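Okay, protein-v5.pdb is below, PDB, C-alpha atoms and all ligand atoms:
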```pdb
MODEL        1
ATOM      1  CA  MET A1157       5.115 -14.762  -9.987  1.00  0.00           C
ATOM      2  CA  LYS A1158       1.821 -14.000  -8.262  1.00  0.00           C
ATOM      3  CA  ILE A1159       1.235 -10.346  -7.328  1.00  0.00           C
ATOM      4  CA  SER A1160      -1.484  -8.644  -5.357  1.00  0.00           C
ATOM      5  CA  ILE A1161      -2.283  -4.995  -4.947  1.00  0.00           C
ATOM      6  CA  ALA A1162      -3.921  -4.741  -1.547  1.00  0.00           C
ATOM      7  CA  PHE A1163      -5.310  -1.364  -0.592  1.00  0.00           C
ATOM      8  CA  ALA A1164      -7.061   0.376   2.284  1.00  0.00           C
ATOM      9  CA  THR A1165      -8.956   3.525   1.407  1.00  0.00           C
ATOM     10  CA  LEU A1166     -11.434   5.857   3.068  1.00  0.00           C
ATOM     11  CA  SER A1167     -12.369   8.256   0.269  1.00  0.00           C
ATOM     12  CA  GLY A1168     -11.248   6.219  -2.760  1.00  0.00           C
ATOM     13  CA  ASN A1169      -7.889   7.819  -3.678  1.00  0.00           C
ATOM     14  CA  THR A1170      -5.782   4.804  -2.739  1.00  0.00           C
ATOM     15  CA  GLU A1171      -8.170   2.606  -4.704  1.00  0.00           C
ATOM     16  CA  LYS A1172      -7.660   4.775  -7.818  1.00  0.00           C
ATOM     17  CA  ILE A1173      -3.898   4.344  -7.558  1.00  0.00           C
ATOM     18  CA  ALA A1174      -4.321   0.612  -6.952  1.00  0.00           C
ATOM     19  CA  TYR A1175      -6.495   0.324 -10.025  1.00  0.00           C
ATOM     20  CA  GLU A1176      -3.937   2.140 -12.234  1.00  0.00           C
ATOM     21  CA  LEU A1177      -1.203  -0.072 -10.859  1.00  0.00           C
ATOM     22  CA  GLU A1178      -3.276  -3.153 -11.666  1.00  0.00           C
ATOM     23  CA  LYS A1179      -3.759  -1.965 -15.285  1.00  0.00           C
ATOM     24  CA  PHE A1180      -0.031  -1.276 -15.594  1.00  0.00           C
ATOM     25  CA  LEU A1181       0.938  -4.738 -14.335  1.00  0.00           C
ATOM     26  CA  LEU A1182      -1.716  -6.526 -16.399  1.00  0.00           C
ATOM     27  CA  ASN A1183      -0.385  -4.754 -19.504  1.00  0.00           C
ATOM     28  CA  LYS A1184       2.972  -6.254 -18.666  1.00  0.00           C
ATOM     29  CA  SER A1185       1.309  -9.694 -18.427  1.00  0.00           C
ATOM     30  CA  TYR A1186       1.786 -10.148 -14.691  1.00  0.00           C
ATOM     31  CA  ASP A1187      -0.636 -12.344 -12.756  1.00  0.00           C
ATOM     32  CA  VAL A1188      -2.317  -9.740 -10.510  1.00  0.00           C
ATOM     33  CA  ASP A1189      -5.172  -9.645  -8.013  1.00  0.00           C
ATOM     34  CA  LEU A1190      -6.644  -6.409  -6.696  1.00  0.00           C
ATOM     35  CA  LEU A1191      -7.701  -6.755  -3.049  1.00  0.00           C
ATOM     36  CA  ASN A1192      -9.701  -4.320  -0.967  1.00  0.00           C
ATOM     37  CA  LEU A1193      -8.430  -4.906   2.575  1.00  0.00           C
ATOM     38  CA  GLU A1194     -11.874  -4.145   3.936  1.00  0.00           C
ATOM     39  CA  ASN A1195     -12.953  -7.541   2.568  1.00  0.00           C
ATOM     40  CA  THR A1196      -9.680  -9.462   2.794  1.00  0.00           C
ATOM     41  CA  LYS A1197      -8.601 -11.983   5.401  1.00  0.00           C
ATOM     42  CA  VAL A1198      -5.077 -11.557   6.755  1.00  0.00           C
ATOM     43  CA  ASP A1199      -4.134 -15.074   5.611  1.00  0.00           C
ATOM     44  CA  GLU A1200      -4.942 -14.308   1.975  1.00  0.00           C
ATOM     45  CA  LEU A1201      -1.780 -12.271   1.426  1.00  0.00           C
ATOM     46  CA  LYS A1202       0.439 -15.269   2.133  1.00  0.00           C
ATOM     47  CA  LYS A1203      -0.211 -16.838  -1.254  1.00  0.00           C
ATOM     48  CA  TYR A1204       1.461 -13.961  -3.142  1.00  0.00           C
ATOM     49  CA  ASP A1205       5.132 -13.545  -3.996  1.00  0.00           C
ATOM     50  CA  LEU A1206       4.815  -9.767  -4.040  1.00  0.00           C
ATOM     51  CA  VAL A1207       2.222  -7.551  -2.369  1.00  0.00           C
ATOM     52  CA  PHE A1208       1.870  -3.877  -3.227  1.00  0.00           C
ATOM     53  CA  LEU A1209       0.280  -2.513  -0.077  1.00  0.00           C
ATOM     54  CA  GLY A1210      -1.500   0.834  -0.357  1.00  0.00           C
ATOM     55  CA  CYS A1211      -2.684   3.008   2.511  1.00  0.00           C
ATOM     56  CA  SER A1212      -3.668   6.602   3.208  1.00  0.00           C
ATOM     57  CA  THR A1213      -2.763   8.795   6.175  1.00  0.00           C
ATOM     58  CA  TYR A1214      -5.370  10.253   8.534  1.00  0.00           C
ATOM     59  CA  GLY A1215      -5.719  11.829  11.942  1.00  0.00           C
ATOM     60  CA  ASP A1216      -2.458  13.257  13.155  1.00  0.00           C
ATOM     61  CA  GLY A1217      -0.284  11.051  10.999  1.00  0.00           C
ATOM     62  CA  ASP A1218      -2.019   7.716  11.519  1.00  0.00           C
ATOM     63  CA  LEU A1219      -2.963   4.789   9.327  1.00  0.00           C
ATOM     64  CA  ASN A1220      -6.456   4.885   7.945  1.00  0.00           C
ATOM     65  CA  LEU A1221      -8.776   2.800  10.081  1.00  0.00           C
ATOM     66  CA  ILE A1222      -9.097  -0.078   7.612  1.00  0.00           C
ATOM     67  CA  MET A1223      -5.340  -0.652   7.441  1.00  0.00           C
ATOM     68  CA  ASP A1224      -5.056  -0.152  11.181  1.00  0.00           C
ATOM     69  CA  ILE A1225      -7.576  -2.952  11.838  1.00  0.00           C
ATOM     70  CA  PHE A1226      -6.060  -5.217   9.177  1.00  0.00           C
ATOM     71  CA  LEU A1227      -2.509  -4.906  10.539  1.00  0.00           C
ATOM     72  CA  SER A1228      -3.675  -5.279  14.151  1.00  0.00           C
ATOM     73  CA  GLU A1229      -5.253  -8.608  13.185  1.00  0.00           C
ATOM     74  CA  ALA A1230      -2.074  -9.595  11.331  1.00  0.00           C
ATOM     75  CA  GLU A1231       0.025  -8.739  14.402  1.00  0.00           C
ATOM     76  CA  GLN A1232      -2.182 -10.942  16.579  1.00  0.00           C
ATOM     77  CA  ILE A1233      -1.633 -14.025  14.454  1.00  0.00           C
ATOM     78  CA  CYS A1234       1.818 -12.782  13.422  1.00  0.00           C
ATOM     79  CA  HIS A1235       2.237 -14.753  10.223  1.00  0.00           C
ATOM     80  CA  LEU A1236       1.329 -12.288   7.540  1.00  0.00           C
ATOM     81  CA  CYS A1237       4.647 -12.284   5.897  1.00  0.00           C
ATOM     82  CA  GLU A1238       6.730 -15.438   5.860  1.00  0.00           C
ATOM     83  CA  SER A1239       7.601 -15.732   2.166  1.00  0.00           C
ATOM     84  CA  THR A1240       5.878 -12.665   0.782  1.00  0.00           C
ATOM     85  CA  LYS A1241       7.730  -9.554  -0.295  1.00  0.00           C
ATOM     86  CA  PHE A1242       6.180  -6.126   0.144  1.00  0.00           C
ATOM     87  CA  ALA A1243       6.323  -2.680  -1.441  1.00  0.00           C
ATOM     88  CA  ILE A1244       4.212   0.085   0.045  1.00  0.00           C
ATOM     89  CA  PHE A1245       2.550   3.104  -1.517  1.00  0.00           C
ATOM     90  CA  SER A1246       1.374   5.732   0.879  1.00  0.00           C
ATOM     91  CA  LEU A1247      -1.097   8.517   0.256  1.00  0.00           C
ATOM     92  CA  GLY A1248      -1.305  11.815   2.044  1.00  0.00           C
ATOM     93  CA  ASP A1249      -1.377  15.519   1.551  1.00  0.00           C
ATOM     94  CA  SER A1250       1.735  17.658   1.950  1.00  0.00           C
ATOM     95  CA  ILE A1251      -0.251  20.374   3.757  1.00  0.00           C
ATOM     96  CA  TYR A1252      -0.075  18.062   6.801  1.00  0.00           C
ATOM     97  CA  PRO A1253       3.034  17.943   9.011  1.00  0.00           C
ATOM     98  CA  ASN A1254       3.096  14.127   8.962  1.00  0.00           C
ATOM     99  CA  PHE A1255       2.886  13.902   5.201  1.00  0.00           C
ATOM    100  CA  ALA A1256       2.067  10.343   4.032  1.00  0.00           C
ATOM    101  CA  ILE A1257       3.612   8.888   7.168  1.00  0.00           C
ATOM    102  CA  ALA A1258       1.283   5.872   6.877  1.00  0.00           C
ATOM    103  CA  GLY A1259       3.906   4.271   4.610  1.00  0.00           C
ATOM    104  CA  GLU A1260       6.501   4.409   7.366  1.00  0.00           C
ATOM    105  CA  ILE A1261       4.077   2.948   9.922  1.00  0.00           C
ATOM    106  CA  VAL A1262       3.106   0.101   7.570  1.00  0.00           C
ATOM    107  CA  GLU A1263       6.757  -0.635   6.709  1.00  0.00           C
ATOM    108  CA  ASP A1264       7.731  -0.790  10.387  1.00  0.00           C
ATOM    109  CA  LYS A1265       4.849  -3.124  11.200  1.00  0.00           C
ATOM    110  CA  ILE A1266       5.618  -5.445   8.282  1.00  0.00           C
ATOM    111  CA  ILE A1267       9.300  -5.605   9.248  1.00  0.00           C
ATOM    112  CA  ASN A1268       8.383  -6.248  12.910  1.00  0.00           C
ATOM    113  CA  MET A1269       6.300  -9.192  11.728  1.00  0.00           C
ATOM    114  CA  GLY A1270       9.332 -10.585   9.904  1.00  0.00           C
ATOM    115  CA  GLY A1271       8.264  -9.420   6.463  1.00  0.00           C
ATOM    116  CA  GLU A1272      10.580  -8.202   3.751  1.00  0.00           C
ATOM    117  CA  VAL A1273      10.049  -4.732   2.306  1.00  0.00           C
ATOM    118  CA  ILE A1274      11.990  -4.812  -0.949  1.00  0.00           C
ATOM    119  CA  HIS A1275      11.941  -1.134  -1.920  1.00  0.00           C
ATOM    120  CA  PRO A1276      11.418   2.116   0.043  1.00  0.00           C
ATOM    121  CA  TYR A1277       7.817   3.252   0.127  1.00  0.00           C
ATOM    122  CA  ILE A1278       6.545   5.943  -2.196  1.00  0.00           C
ATOM    123  CA  LYS A1279       4.680   9.016  -0.915  1.00  0.00           C
ATOM    124  CA  ILE A1280       1.809  10.169  -3.063  1.00  0.00           C
ATOM    125  CA  ASP A1281       0.676  13.745  -2.624  1.00  0.00           C
ATOM    126  CA  GLY A1282      -2.935  14.764  -3.050  1.00  0.00           C
ATOM    127  CA  TYR A1283      -5.533  13.676  -5.519  1.00  0.00           C
ATOM    128  CA  PRO A1284      -4.494  10.979  -8.065  1.00  0.00           C
ATOM    129  CA  SER A1285      -3.552  12.666 -11.365  1.00  0.00           C
ATOM    130  CA  SER A1286      -1.775  11.593 -14.540  1.00  0.00           C
ATOM    131  CA  GLU A1287       1.534  12.866 -13.062  1.00  0.00           C
ATOM    132  CA  VAL A1288       0.948  10.747  -9.979  1.00  0.00           C
ATOM    133  CA  PHE A1289       0.224   7.714 -12.159  1.00  0.00           C
ATOM    134  CA  GLU A1290       3.509   8.243 -14.031  1.00  0.00           C
ATOM    135  CA  GLU A1291       5.372   8.526 -10.728  1.00  0.00           C
ATOM    136  CA  ILE A1292       3.871   5.297  -9.417  1.00  0.00           C
ATOM    137  CA  LYS A1293       4.702   3.464 -12.644  1.00  0.00           C
ATOM    138  CA  LYS A1294       8.381   4.496 -12.380  1.00  0.00           C
ATOM    139  CA  TRP A1295       8.472   3.362  -8.759  1.00  0.00           C
ATOM    140  CA  THR A1296       6.795   0.060  -9.704  1.00  0.00           C
ATOM    141  CA  LEU A1297       9.482  -0.634 -12.326  1.00  0.00           C
ATOM    142  CA  GLU A1298      12.104  -0.122  -9.609  1.00  0.00           C
ATOM    143  CA  VAL A1299      10.251  -2.585  -7.350  1.00  0.00           C
ATOM    144  CA  LEU A1300      10.040  -5.178 -10.126  1.00  0.00           C
ATOM    145  CA  LYS A1301      13.825  -5.031 -10.685  1.00  0.00           C
ATOM    146  CA  PHE A1302      14.106  -7.040  -7.475  1.00  0.00           C
ATOM    147  CA  PHE A1303      12.743 -10.117  -9.294  1.00  0.00           C
TER     148      PHE A1303
HETATM  149  C1  LIG A1401      -9.439  14.258   8.330  1.00  0.00           C
HETATM  150  C2  LIG A1401      -8.236  14.040   7.436  1.00  0.00           C
HETATM  151  C3  LIG A1401      -6.982  13.888   8.025  1.00  0.00           C
HETATM  152  C4  LIG A1401      -5.853  13.710   7.232  1.00  0.00           C
HETATM  153  N1  LIG A1401      -4.614  13.605   7.838  1.00  0.00           N
HETATM  154  C5  LIG A1401      -3.512  13.507   7.067  1.00  0.00           C
HETATM  155  C6  LIG A1401      -2.211  13.458   7.664  1.00  0.00           C
HETATM  156  O1  LIG A1401      -2.006  13.498   8.886  1.00  0.00           O
HETATM  157  N2  LIG A1401      -1.141  13.353   6.827  1.00  0.00           N
HETATM  158  C7  LIG A1401      -1.267  13.325   5.476  1.00  0.00           C
HETATM  159  O2  LIG A1401      -0.256  13.249   4.787  1.00  0.00           O
HETATM  160  N3  LIG A1401      -2.488  13.341   4.882  1.00  0.00           N
HETATM  161  C8  LIG A1401      -3.612  13.443   5.631  1.00  0.00           C
HETATM  162  N4  LIG A1401      -4.846  13.485   5.037  1.00  0.00           N
HETATM  163  C9  LIG A1401      -4.952  13.415   3.556  1.00  0.00           C
HETATM  164  C10 LIG A1401      -5.339  12.013   3.041  1.00  0.00           C
HETATM  165  O3  LIG A1401      -4.356  11.047   3.396  1.00  0.00           O
HETATM  166  C11 LIG A1401      -5.434  12.080   1.496  1.00  0.00           C
HETATM  167  O4  LIG A1401      -6.556  12.866   1.153  1.00  0.00           O
HETATM  168  C12 LIG A1401      -5.527  10.724   0.825  1.00  0.00           C
HETATM  169  O5  LIG A1401      -5.442  10.903  -0.583  1.00  0.00           O
HETATM  170  C13 LIG A1401      -6.812   9.992   1.158  1.00  0.00           C
HETATM  171  O6  LIG A1401      -6.762   8.707   0.558  1.00  0.00           O
HETATM  172  P1  LIG A1401      -7.994   7.684   0.598  1.00  0.00           P
HETATM  173  O7  LIG A1401      -9.102   8.353  -0.185  1.00  0.00           O
HETATM  174  O8  LIG A1401      -7.499   6.484  -0.090  1.00  0.00           O
HETATM  175  O9  LIG A1401      -8.364   7.426   2.002  1.00  0.00           O
HETATM  176  C14 LIG A1401      -5.981  13.667   5.811  1.00  0.00           C
HETATM  177  C15 LIG A1401      -7.264  13.800   5.237  1.00  0.00           C
HETATM  178  C16 LIG A1401      -8.366  13.992   6.019  1.00  0.00           C
HETATM  179  C17 LIG A1401      -9.721  14.136   5.357  1.00  0.00           C
ENDMDL
END
```
Represent the structure from my file as structure tokens, please.
Amino acid sequence: MKISIAFATLSGNTEKIAYELEKFLLNKSYDVDLLNLENTKVDELKKYDLVFLGCSTYGDGDLNLIMDIFLSEAEQICHLCESTKFAIFSLGDSIYPNFAIAGEIVEDKIINMGGEVIHPYIKIDGYPSSEVFEEIKKWTLEVLKFF
């Protein structure tokens, strides 16, 4: 099974989570690529069986700009998803009313493009810490049960 962890980050927090997730999966001998969506073509995701898609929330409960642009391009060509399965991790800060809502926006867009989201998205609160890393590992094990 080929996995990618594709992330969009503005200040680096989503990248830190993505990097921990990559280490976790590599330790379990999965075939994993880490992709920064700023430098990734929409078509590239199609070659993976499973994509962990990471995004942070900005504005008044919006996607960060990098994910927004990436998904807008995907919607235009509308073939991001055919045989790829997705699981989404969403960063935010619970001081905001729309806490980590980016995950919901990404999930909706993926589903509208015909993609399959195989496990509910995880909300990650605040700066990446060892507790957050443990939380994401537990969630990842739940995602992997699908296969
Ligand atoms: C200007 C600004 C607006 C933000 N808006 C939200 C928001 O509406 N909801 C939320 O949950 N988090 C919000 N956040 C928090 C970020 O999502 C959080 O800091 C996240 O860890 C950033 O991840 P990144 O470094 O990968 O971009 C906001 C942060 C900033 C600086």
Nearest residue to ligand LIG 1401 (chain A) from the set A:Thr1240, A:Ser1286, A:Asn1169, A:Thr1196 (distances using all atoms listed in the file)
A:Asn1169
Report as JSON lines: every residue of chain A with an atom at most 6 Å from ligand LIG 1401 (chain A), its closest pair of atoms, and their distance in Å to one decimal, counting only C-alpha atoms and all ligand atoms, with rows sorted by chain and ascending residue number.
```
{"residue": "A:Thr1165", "atom": "CA", "partner": "A:LIG1401", "partner_atom": "O8", "distance": 3.6}
{"residue": "A:Leu1166", "atom": "CA", "partner": "A:LIG1401", "partner_atom": "O9", "distance": 3.6}
{"residue": "A:Ser1167", "atom": "CA", "partner": "A:LIG1401", "partner_atom": "O7", "distance": 3.3}
{"residue": "A:Gly1168", "atom": "CA", "partner": "A:LIG1401", "partner_atom": "O7", "distance": 4.0}
{"residue": "A:Asn1169", "atom": "CA", "partner": "A:LIG1401", "partner_atom": "O7", "distance": 3.7}
{"residue": "A:Thr1170", "atom": "CA", "partner": "A:LIG1401", "partner_atom": "O8", "distance": 3.6}
{"residue": "A:Ser1212", "atom": "CA", "partner": "A:LIG1401", "partner_atom": "O3", "distance": 4.5}
{"residue": "A:Thr1213", "atom": "CA", "partner": "A:LIG1401", "partner_atom": "O3", "distance": 3.9}
{"residue": "A:Tyr1214", "atom": "CA", "partner": "A:LIG1401", "partner_atom": "N1", "distance": 3.5}
{"residue": "A:Gly1215", "atom": "CA", "partner": "A:LIG1401", "partner_atom": "C3", "distance": 4.6}
{"residue": "A:Asp1216", "atom": "CA", "partner": "A:LIG1401", "partner_atom": "O1", "distance": 4.3}
{"residue": "A:Gly1217", "atom": "CA", "partner": "A:LIG1401", "partner_atom": "O1", "distance": 3.7}
{"residue": "A:Leu1247", "atom": "CA", "partner": "A:LIG1401", "partner_atom": "C12", "distance": 5.0}
{"residue": "A:Gly1248", "atom": "CA", "partner": "A:LIG1401", "partner_atom": "O2", "distance": 3.3}
{"residue": "A:Asp1249", "atom": "CA", "partner": "A:LIG1401", "partner_atom": "O2", "distance": 4.1}
{"residue": "A:Ser1250", "atom": "CA", "partner": "A:LIG1401", "partner_atom": "O2", "distance": 5.6}
{"residue": "A:Tyr1252", "atom": "CA", "partner": "A:LIG1401", "partner_atom": "N2", "distance": 4.8}
{"residue": "A:Asn1254", "atom": "CA", "partner": "A:LIG1401", "partner_atom": "N2", "distance": 4.8}
{"residue": "A:Phe1255", "atom": "CA", "partner": "A:LIG1401", "partner_atom": "O2", "distance": 3.2}
{"residue": "A:Ala1256", "atom": "CA", "partner": "A:LIG1401", "partner_atom": "O2", "distance": 3.8}
{"residue": "A:Gly1282", "atom": "CA", "partner": "A:LIG1401", "partner_atom": "O5", "distance": 5.2}
{"residue": "A:Tyr1283", "atom": "CA", "partner": "A:LIG1401", "partner_atom": "O5", "distance": 5.7}
```
If you count all atoms listed in the file, which residues fall within 12 Å of Lys1265 in chain A, apart from same-chain ones fewer than 4 positions away, as a list in words?
Leu1219, Met1223, Asp1224, Phe1226, Leu1227, Ser1228, Glu1229, Ala1230, Glu1231, Gln1232, Cys1234, His1235, Leu1236, Cys1237, Phe1242, Ile1244, Ala1258, Gly1259, Glu1260, Ile1261, Met1269, Gly1270, Gly1271, Glu1272 and Val1273 of chain A
Please save C-alpha atoms of the selected residues as a PDB file, in the coordinates of the input.
```pdb
ATOM      1  CA  LEU A1219      -2.963   4.789   9.327  1.00  0.00           C
ATOM      2  CA  MET A1223      -5.340  -0.652   7.441  1.00  0.00           C
ATOM      3  CA  ASP A1224      -5.056  -0.152  11.181  1.00  0.00           C
ATOM      4  CA  PHE A1226      -6.060  -5.217   9.177  1.00  0.00           C
ATOM      5  CA  LEU A1227      -2.509  -4.906  10.539  1.00  0.00           C
ATOM      6  CA  SER A1228      -3.675  -5.279  14.151  1.00  0.00           C
ATOM      7  CA  GLU A1229      -5.253  -8.608  13.185  1.00  0.00           C
ATOM      8  CA  ALA A1230      -2.074  -9.595  11.331  1.00  0.00           C
ATOM      9  CA  GLU A1231       0.025  -8.739  14.402  1.00  0.00           C
ATOM     10  CA  GLN A1232      -2.182 -10.942  16.579  1.00  0.00           C
ATOM     11  CA  CYS A1234       1.818 -12.782  13.422  1.00  0.00           C
ATOM     12  CA  HIS A1235       2.237 -14.753  10.223  1.00  0.00           C
ATOM     13  CA  LEU A1236       1.329 -12.288   7.540  1.00  0.00           C
ATOM     14  CA  CYS A1237       4.647 -12.284   5.897  1.00  0.00           C
ATOM     15  CA  PHE A1242       6.180  -6.126   0.144  1.00  0.00           C
ATOM     16  CA  ILE A1244       4.212   0.085   0.045  1.00  0.00           C
ATOM     17  CA  ALA A1258       1.283   5.872   6.877  1.00  0.00           C
ATOM     18  CA  GLY A1259       3.906   4.271   4.610  1.00  0.00           C
ATOM     19  CA  GLU A1260       6.501   4.409   7.366  1.00  0.00           C
ATOM     20  CA  ILE A1261       4.077   2.948   9.922  1.00  0.00           C
ATOM     21  CA  MET A1269       6.300  -9.192  11.728  1.00  0.00           C
ATOM     22  CA  GLY A1270       9.332 -10.585   9.904  1.00  0.00           C
ATOM     23  CA  GLY A1271       8.264  -9.420   6.463  1.00  0.00           C
ATOM     24  CA  GLU A1272      10.580  -8.202   3.751  1.00  0.00           C
ATOM     25  CA  VAL A1273      10.049  -4.732   2.306  1.00  0.00           C
TER      26      VAL A1273
END
```
Nearest to Cys1211 in chain A by atom-to-atom distance, counting all atoms listed in the file, from A:Lys1241, A:Glu1176, A:Phe1163, A:Val1188
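Using all atoms listed in the file, the shortest distance to Cys1211 in chain A belongs to A:Phe1163.
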Could you tell me which residues the PyMOL selection byres (((chain A and resi 1181) around 12) and not hetatm) grabs in this file, written as a PyMOL selection string?
chain A and resi 1157-1161+1174-1180+1182-1190+1208+1292-1293+1296-1297+1299-1300
Box dimensions and centre (Å, one decimal) enclosing range 1259-1274 of chain A, axis-aligned, 4 Å extra per side, as AutoDock Vina command-line options:
```
--center_x 7.5 --center_y -3.1 --center_z 6.0 --size_x 16.9 --size_y 23.0 --size_z 21.9
```
Quick one: pull the distance between CA of Phe1302 in chain A and CA of Phe1289 in chain A, Å, one decimal.
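Atom-to-atom, CA of Phe1302 in chain A to CA of Phe1289 in chain A, that is 20.8 Å.
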From the list A:Ala1162, A:Ile1280, A:Ile1274, A:Val1288, which residue is nearest Lys1202 in chain A when using only C-alpha atoms?
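Counting only C-alpha atoms, the residue closest to Lys1202 in chain A is A:Ala1162.
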